[in-house]
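Here's the structure, in structure tokens; my notes come after.
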Amino acid sequence: MPSVSSATVFIHQSTLLIQARPTTTKVTYTYNTDKKSQRGTLAVKTFDPVSGTCFRFRTRKVNDLNRILRALGGMAGVMAGTTTGTEIVAAASGNAD
């Protein structure tokens with residue numbers, strides 16, 4: 001399972017996967033805290049069992065978390081078949097006009 005190095009790349013690759021296979025792609029969020037340091041880590045995984053494609057991203061930054069939640073949370077419409085998702089991807093990547 002490849003780990004993606006930046007939130008922008010993860011969002012882009014995940015949205016492409018969701019647009020290609022909206023009915024089978026799963027997005028999971030896992031949050032863990034370290035009891036000693038009291039710091040949390042978010043791991044986000046986008047997985048399609050049909051193609052076997054999986055993207056994984058881990059972060060402790062709130063800005064990355066907000067961008068991922070905004071982009072992938074908005075992709076629920078794509079997964080439900082009600083929108084295309086292009087406007088969501090542009091807004092999340094900061095390219096909205």
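So you can find residues: chains in the structure tokens are A, B, ... in the order shown, residues in each start at 1, and ligands are numbered from 1 in order.
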
- prompt: Which polymer residues have any atom within 12 Å of an atom of range 32-37 of chain A, counting only C-alpha atoms, with same-chain residues fewer than 3 positions away left out, as a PyMOL selection string?
  reply: chain A and resi 29+40-44+58-60

Do you have, as a tab-separated table, the list of residues of range 35-76 of chain A lying at most 10 Å from range 6-9 of chain A, each with its nearest atom pair and that distance in Å to one decimal, counting only C-alpha atoms and ordered by chain then number?
residue	atom	partner	partner_atom	distance
A:Phe55	CA	A:Val9	CA	9.9
A:Phe57	CA	A:Ala7	CA	7.3
A:Arg58	CA	A:Ala7	CA	8.8
A:Thr59	CA	A:Ala7	CA	8.5
A:Asn63	CA	A:Ala7	CA	9.5
A:Asp64	CA	A:Ala7	CA	6.0
A:Leu65	CA	A:Ala7	CA	8.5
A:Arg67	CA	A:Ala7	CA	7.8
A:Ile68	CA	A:Ala7	CA	7.1

Those residues you just picked out, can you put them in a file as a compact mmCIF listing (two decimals), in the first residue's frame with N, CA, C and O atoms?
# COMPACT_ATOMS: atom_id res chain seq x y z
N PHE A 55 -4.51 4.18 -1.69
CA PHE A 55 -3.67 5.34 -1.38
C PHE A 55 -3.80 5.62 0.10
O PHE A 55 -4.90 5.57 0.66
N PHE A 57 -2.43 8.25 3.41
CA PHE A 57 -1.78 9.49 3.81
C PHE A 57 -1.92 9.66 5.30
O PHE A 57 -2.99 9.44 5.86
N ARG A 58 -0.83 10.05 5.96
CA ARG A 58 -0.82 10.30 7.40
C ARG A 58 -0.38 11.73 7.66
O ARG A 58 0.54 12.22 7.02
N THR A 59 -1.05 12.36 8.63
CA THR A 59 -0.70 13.75 8.94
C THR A 59 -1.03 14.08 10.39
O THR A 59 -1.85 13.42 11.01
N ASN A 63 -4.37 21.82 8.90
CA ASN A 63 -4.68 22.33 7.56
C ASN A 63 -4.85 21.19 6.56
O ASN A 63 -5.74 21.23 5.71
N ASP A 64 -3.99 20.16 6.65
CA ASP A 64 -4.13 19.00 5.77
C ASP A 64 -5.45 18.28 6.05
O ASP A 64 -6.15 17.87 5.13
N LEU A 65 -5.76 18.13 7.32
CA LEU A 65 -7.01 17.48 7.72
C LEU A 65 -8.21 18.22 7.14
O LEU A 65 -9.11 17.60 6.56
N ARG A 67 -8.37 20.22 4.50
CA ARG A 67 -8.42 20.09 3.05
C ARG A 67 -8.92 18.72 2.63
O ARG A 67 -9.72 18.59 1.69
N ILE A 68 -8.45 17.67 3.30
CA ILE A 68 -8.86 16.31 2.95
C ILE A 68 -10.35 16.11 3.25
O ILE A 68 -11.09 15.56 2.42

- prompt: Just how far from CA of Val4 in chain A is CA of Leu17 in chain A, in Å to one decimal?
  reply: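 That distance, rounded to one decimal, is 14.0 Å.
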
message: I'd like to know which of A:Val62, A:His12, A:Thr25, A:Thr53 is closest to Arg39 in chain A, using only C-alpha atoms.
response: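 Among the listed residues, the smallest separation from Arg39 in chain A belongs to A:Val62.
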
message: At a cut-off of 12 Å, using only C-alpha atoms, what residues contact Ser51 in chain A? Leave out same-chain residues fewer than 5 positions from it and give the result as a list in words.
response: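 Non-adjacent residues within range: Leu17, Ile18, Ala20, Arg21, Thr24, Thr25 and Thr46 of chain A.
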
Could you write out the selected residues, including N, CA, C and O atoms, as a PDB file, in the first residue's frame?
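Generated output (again16.pdb):
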ATOM      1  N   LEU A  17      -9.673   8.273  -8.343  1.00  0.00           N
ATOM      2  CA  LEU A  17     -10.130   6.910  -8.066  1.00  0.00           C
ATOM      3  C   LEU A  17     -11.632   6.885  -7.788  1.00  0.00           C
ATOM      4  O   LEU A  17     -12.344   6.017  -8.296  1.00  0.00           O
ATOM      5  N   ILE A  18     -12.123   7.836  -7.024  1.00  0.00           N
ATOM      6  CA  ILE A  18     -13.560   7.896  -6.725  1.00  0.00           C
ATOM      7  C   ILE A  18     -14.366   8.182  -7.981  1.00  0.00           C
ATOM      8  O   ILE A  18     -15.425   7.592  -8.188  1.00  0.00           O
ATOM      9  N   ALA A  20     -13.488   7.365 -11.011  1.00  0.00           N
ATOM     10  CA  ALA A  20     -13.403   6.193 -11.882  1.00  0.00           C
ATOM     11  C   ALA A  20     -14.273   5.045 -11.384  1.00  0.00           C
ATOM     12  O   ALA A  20     -14.897   4.335 -12.176  1.00  0.00           O
ATOM     13  N   ARG A  21     -14.323   4.841 -10.072  1.00  0.00           N
ATOM     14  CA  ARG A  21     -15.086   3.732  -9.488  1.00  0.00           C
ATOM     15  C   ARG A  21     -15.866   4.208  -8.258  1.00  0.00           C
ATOM     16  O   ARG A  21     -15.528   3.869  -7.124  1.00  0.00           O
ATOM     17  N   THR A  24     -17.560   1.371  -5.717  1.00  0.00           N
ATOM     18  CA  THR A  24     -16.776   0.382  -4.975  1.00  0.00           C
ATOM     19  C   THR A  24     -15.679   0.989  -4.113  1.00  0.00           C
ATOM     20  O   THR A  24     -15.157   0.319  -3.232  1.00  0.00           O
ATOM     21  N   THR A  25     -15.314   2.243  -4.334  1.00  0.00           N
ATOM     22  CA  THR A  25     -14.225   2.871  -3.584  1.00  0.00           C
ATOM     23  C   THR A  25     -14.667   3.195  -2.164  1.00  0.00           C
ATOM     24  O   THR A  25     -15.754   3.712  -1.935  1.00  0.00           O
ATOM     25  N   THR A  46      -7.762   5.512   0.923  1.00  0.00           N
ATOM     26  CA  THR A  46      -8.736   5.372  -0.149  1.00  0.00           C
ATOM     27  C   THR A  46      -8.434   4.050  -0.837  1.00  0.00           C
ATOM     28  O   THR A  46      -7.326   3.841  -1.313  1.00  0.00           O
TER      29      THR A  46
END

query: So which bits of chain A end up strand (DSSP E) when you DSSP the backbone, as a ChimeraX atom specification?
result: /A:26-33,40-48,53-59

query: Pick the closest to Pro22 in chain A from A:Leu69, A:Ser3, A:Pro49, A:Lys61: which is it, counting only C-alpha atoms?
result: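 Using only C-alpha atoms, the shortest distance to Pro22 in chain A belongs to A:Pro49.
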
- request: Could you give me, as number ranges by chain, each residue of chain A that DSSP assigns to helix (DSSP H, G or I) when run on this structure's backbone?
  value: A: 7-20, 62-74, 76-80, 86-93

query: Any idea what the distance is between CA of Gly73 in chain A and CA of Ser5 in chain A?
result: 20.3 Å

field: Coordinates-based distance that separates CA of Lys45 in chain A from CA of Gly74 in chain A (Å, one decimal)
entry: 15.9 Å
